[in-house]
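Participant: Okay, handing you the structure first.
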Amino acid sequence: MNIDPVLVERLKQHPRKLLDFLKRWLEPTHLEKLRPKLEFQTGVLAGFSLIASILLGLTNCSTESTIQQRLKEDLIHSLSEVVPDSLHDNDLLQDTVTVPSADYKLGNQETLMYLAKKAGQVTAVCFKLIAPDGYSGAINMIMGVDREGNILGVRVLSHKETPGLGDKIEVAKSDWILKFATKSLDNVKPEQWAVKKDGGEFDQFSGATITPRKTVQAVHRGLQLFKAHQAQLIKP
Amino acid sequence: MFLSETYRKIAAEGLWHNNIVFGQNLALCPLLAVTGTATNGLGMGLATLVVITASNGLISLTRHLTPNEIRIPIFVLLIATLVTLVDIIMNAWAHELYKVLGLFIALIVTNCALLGRAEAFASKQPVKLALWDGFMMGMGFLLVLVVLGAAREISATGLLFANASVLLGDSFKFLEVTLIPHYSGFLLMALPPGGFIMLGFIIVGKRLLDQQFAEKKVNAPKNSAINSKESS
């Protein structure tokens, strides 16, 4: 097939013409004349919205899977904080059981239990719990319990407590939360599940009593939830 | 001097004379919300610095396209898009940083100073100047955030830059100091009312300094005023 060289030349001119046109159109003096026109204003607003939506959509699509992956890594990391890797050889995210938890005031109707298994036998159970009544909103926590009901560890995932006072429940800021390890419903009496101010055995913070009080109470309720389903959870 | 007169003037405006907080009384909502500690102030300041510089640049770049009648919706659209993009991209590609700064980035949308600078400066000036103005306004805001955060933290807990290593990495552990050992704590300062009270004191301090500068300028002849400023 023969292509007319004149046509090729004309096609080559085309982008250059378009570019020249765009350059002239974007000239400040030219835009100044356009700006008061209603149809230009409508067009500009529509154009900006279109570009913004395209940018946001593209970014969202291209990062969605990465963000999901990051959140999954975060979850695995938090799980490994409260359940030592040596206790299991399975994938915690795959071995889960859902139990009803509406009666325990842990913020959810149902709680997803991650089962840590070694050689097919459940060694520990890990679950998220929420203290819905923190000083300034819900305190999200994760807790690991061994098959006998002793706490392996508790960590705070997110909260809105007062910076500098209530945020000592974070492990990065204070080792307070580590004191829960090895505690259970058997070795701490029900009335001892409270801060010292209320006659319990857990420290409060100077300047913040409500935050640790509600945290202790939520952990206590979490243990009760585990105990209620212990038989079902630890059977192989 | 390696900066021209215009650039120096913009810097002085942003850092001191027309500071977002002191001069324009803007951005008080994020200011009082996060300055419980100096570290939080620093985090918020850094996040705002990046976004205000970028938004100023973008708005200046599109200033010829923006008709006067619909400039506000366009500014809002641009700033909101920018903040959301930063939020998404940081969450995906700088996740560790996002876990520390993420909270502050969402709060930037409530910062009216961005819209203020877009309206007052970026929409009328060339890109280079707009970027510089955004950067200096951001620096001025960062300064106030850190000073207010430090003042509140010291009076509330006796510590300074507590947990800075969580934000900046372990190499900045040296910033964390106990200024007043065995301090019993002053709860009010860590709570929002303390923020208002301390901000009041800091604004009074700034006004007193301004007054002193003005008196010096009036009393002393021009040359000696410059000399005494340099020597002091």
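Letters for chains follow the order of the structure tokens (A, B, ...), residue numbers begin at 1 for each chain, and ligand numbers begin at 1 in the order shown.
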So which residues of stretch 12-232 of chain A fall under strand (DSSP E or B) by DSSP, listed as number ranges by chain?

Facilitator: A: 96-100, 110-118, 121-134, 137-146, 151-158, 195, 202, 205, 208

Participant: If we count only C-alpha atoms, what is near A:Pro84 at a cut-off of 12 Å, once residues fewer than 3 positions away on the same chain are taken out, given as a list in words?

Facilitator: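 Residues near the query, excluding close chain neighbours: Ile76, His77, Ser78, Leu79, Ser80, Glu81, Leu87, His88, Asp89, Leu92, Ala116, Lys117, Lys118, Thr123, Ala124, Val125, Cys126, Met143, Gly144, Val145, Asp146, Leu152 and Gly153 of chain A.
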
Participant: Near chain A, which residues of chain B fall within 7 Å when you count only C-alpha atoms, and what do they look like as an mmCIF file with C-alpha atoms, in the first residue's frame?

Facilitator:
data_model
loop_
_atom_site.group_PDB
_atom_site.id
_atom_site.type_symbol
_atom_site.label_atom_id
_atom_site.label_comp_id
_atom_site.auth_asym_id
_atom_site.auth_seq_id
_atom_site.Cartn_x
_atom_site.Cartn_y
_atom_site.Cartn_z
ATOM 1 C CA GLY B 36 -0.568 18.803 73.835
ATOM 2 C CA THR B 37 3.073 17.858 73.294
ATOM 3 C CA HIS B 64 -4.815 32.509 34.906
ATOM 4 C CA LEU B 65 -7.382 29.783 34.349
ATOM 5 C CA PRO B 67 -12.141 33.162 37.036
ATOM 6 C CA ILE B 74 -11.734 25.782 42.734
ATOM 7 C CA THR B 81 -7.713 16.757 46.208
ATOM 8 C CA LEU B 85 -3.751 12.348 47.355
ATOM 9 C CA ASN B 91 -0.678 5.252 53.352
ATOM 10 C CA ALA B 92 0.509 3.021 50.519
ATOM 11 C CA ASN B 163 8.299 10.205 72.443
ATOM 12 C CA LEU B 187 -3.382 18.573 84.096
#

Participant: Just want the 6 Å neighbourhood of stretch 12-21 of chain B, counted on only C-alpha atoms, with same-chain residues fewer than 3 positions away dropped. Output as a PyMOL selection string.

Facilitator: chain B and resi 9+24-26+136-137+140

Participant: Mind checking DSSP for stretch 52-231 of chain B and telling me the alpha helix (DSSP H) residues as a PyMOL selection string?

Facilitator: chain B and resi 52-61+71-93+95-108+112-117+127-157+164-168+187-190+192-219+222-231

Participant: Residues within 7 Å of stretch 109-114 of chain B, please, as a list in words. Count only C-alpha atoms; anything in the same chain fewer than 6 positions from it doesn't count.

Facilitator: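 What passes the distance filter is Ile20, Leu26, Ala27, Pro30, Ile52, Ala80 and Val83 of chain B.
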
Participant: Which of these, A:Ala231, A:Leu185, A:Ile142, A:Met113, has the shortest distance to A:Ser101 once you count only C-alpha atoms?

Facilitator: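 Among the listed residues, the smallest separation from A:Ser101 belongs to A:Met113.
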
Participant: Please list as a PyMOL selection string every residue within 6 Å of B:Ser60, counting only C-alpha atoms and excluding residues in the same chain fewer than 2 positions away.

Facilitator: chain B and resi 57-58+62-63+122-123+127

Participant: With all heavy atoms kept, could you save the residues just selected as an mmCIF file, in the first residue's frame?

Facilitator:
data_model
loop_
_atom_site.group_PDB
_atom_site.id
_atom_site.type_symbol
_atom_site.label_atom_id
_atom_site.label_comp_id
_atom_site.auth_asym_id
_atom_site.auth_seq_id
_atom_site.Cartn_x
_atom_site.Cartn_y
_atom_site.Cartn_z
ATOM 1 N N GLY B 57 1.696 26.424 45.322
ATOM 2 C CA GLY B 57 2.291 26.275 43.992
ATOM 3 C C GLY B 57 1.230 25.943 42.955
ATOM 4 O O GLY B 57 1.178 26.560 41.879
ATOM 5 N N LEU B 58 0.370 24.991 43.284
ATOM 6 C CA LEU B 58 -0.660 24.529 42.345
ATOM 7 C C LEU B 58 -1.633 25.649 42.017
ATOM 8 O O LEU B 58 -2.020 25.843 40.861
ATOM 9 C CB LEU B 58 -1.403 23.358 42.994
ATOM 10 C CG LEU B 58 -2.108 22.399 42.070
ATOM 11 C CD1 LEU B 58 -1.098 21.676 41.214
ATOM 12 C CD2 LEU B 58 -2.904 21.392 42.877
ATOM 13 N N THR B 62 -2.293 27.656 38.289
ATOM 14 C CA THR B 62 -3.553 27.692 37.553
ATOM 15 C C THR B 62 -4.262 29.029 37.708
ATOM 16 O O THR B 62 -5.455 29.135 37.421
ATOM 17 C CB THR B 62 -4.494 26.581 38.051
ATOM 18 O OG1 THR B 62 -4.653 26.724 39.458
ATOM 19 C CG2 THR B 62 -3.954 25.207 37.757
ATOM 20 N N ARG B 63 -3.525 30.071 38.143
ATOM 21 C CA ARG B 63 -4.227 31.311 38.495
ATOM 22 C C ARG B 63 -4.846 32.007 37.283
ATOM 23 O O ARG B 63 -5.864 32.667 37.415
ATOM 24 C CB ARG B 63 -3.291 32.271 39.231
ATOM 25 C CG ARG B 63 -2.165 32.862 38.391
ATOM 26 C CD ARG B 63 -1.213 33.638 39.282
ATOM 27 N NE ARG B 63 -0.176 34.330 38.524
ATOM 28 C CZ ARG B 63 0.895 33.738 38.024
ATOM 29 N NH1 ARG B 63 1.071 32.439 38.172
ATOM 30 N NH2 ARG B 63 1.796 34.425 37.356
ATOM 31 N N ALA B 122 -1.274 33.339 46.730
ATOM 32 C CA ALA B 122 -0.932 32.459 45.609
ATOM 33 C C ALA B 122 -1.723 32.763 44.348
ATOM 34 O O ALA B 122 -1.210 32.639 43.233
ATOM 35 C CB ALA B 122 -1.146 31.008 46.011
ATOM 36 N N SER B 123 -2.973 33.207 44.496
ATOM 37 C CA SER B 123 -3.794 33.429 43.311
ATOM 38 C C SER B 123 -3.383 34.682 42.545
ATOM 39 O O SER B 123 -3.912 34.947 41.475
ATOM 40 C CB SER B 123 -5.264 33.524 43.718
ATOM 41 O OG SER B 123 -5.445 34.580 44.631
ATOM 42 N N VAL B 127 4.570 31.553 40.353
ATOM 43 C CA VAL B 127 4.711 30.279 41.048
ATOM 44 C C VAL B 127 5.850 30.287 42.070
ATOM 45 O O VAL B 127 5.702 29.822 43.191
ATOM 46 C CB VAL B 127 4.929 29.149 40.025
ATOM 47 C CG1 VAL B 127 5.114 27.819 40.739
ATOM 48 C CG2 VAL B 127 3.754 29.069 39.075
#

Participant: Near B:Tyr7, counting only C-alpha atoms, which residues have an atom at most 10 Å away, once you skip same-chain residues fewer than 2 positions from it, shown as a list in words?

Facilitator: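 Listed by chain and then number, they are Phe2, Leu3, Ser4, Glu5, Lys9, Ile10, Ala11, Ala12, Glu13, Lys128, Leu129, Trp132, Asp133 and Met136 of chain B.
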
Participant: How would the residues just chosen look if you wrote them out with N, CA and C atoms as a short mmCIF file (atom, residue, chain, number, x, y, z; two decimals), in the first residue's frame?

Facilitator:
data_model
loop_
_atom_site.label_atom_id
_atom_site.label_comp_id
_atom_site.auth_asym_id
_atom_site.auth_seq_id
_atom_site.Cartn_x
_atom_site.Cartn_y
_atom_site.Cartn_z
N PHE B 2 22.08 36.68 50.20
CA PHE B 2 21.87 35.88 48.99
C PHE B 2 20.40 35.81 48.59
N LEU B 3 19.53 36.35 49.44
CA LEU B 3 18.13 36.42 49.07
C LEU B 3 17.78 37.84 48.69
N SER B 4 16.96 37.97 47.65
CA SER B 4 16.59 39.33 47.24
C SER B 4 15.60 39.92 48.24
N GLU B 5 15.38 41.22 48.09
CA GLU B 5 14.53 41.96 49.03
C GLU B 5 13.13 41.33 49.13
N LYS B 9 11.40 39.70 52.46
CA LYS B 9 10.19 40.29 53.02
C LYS B 9 9.12 39.22 53.23
N ILE B 10 8.99 38.33 52.23
CA ILE B 10 8.00 37.25 52.35
C ILE B 10 8.35 36.36 53.54
N ALA B 11 9.65 36.08 53.71
CA ALA B 11 10.08 35.23 54.83
C ALA B 11 9.74 35.88 56.16
N ALA B 12 10.02 37.19 56.28
CA ALA B 12 9.75 37.89 57.54
C ALA B 12 8.25 37.92 57.81
N GLU B 13 7.45 38.11 56.75
CA GLU B 13 5.99 38.12 56.91
C GLU B 13 5.51 36.78 57.46
N LYS B 128 7.01 30.85 41.66
CA LYS B 128 8.18 30.80 42.54
C LYS B 128 7.90 31.50 43.87
N LEU B 129 7.32 32.71 43.75
CA LEU B 129 7.02 33.46 44.97
C LEU B 129 5.96 32.75 45.80
N TRP B 132 7.52 29.92 47.73
CA TRP B 132 8.32 30.46 48.84
C TRP B 132 7.42 30.94 49.97
N ASP B 133 6.32 31.62 49.59
CA ASP B 133 5.37 32.10 50.59
C ASP B 133 4.76 30.94 51.36
N MET B 136 7.35 29.51 53.76
CA MET B 136 7.63 30.36 54.92
C MET B 136 6.43 30.43 55.87
#
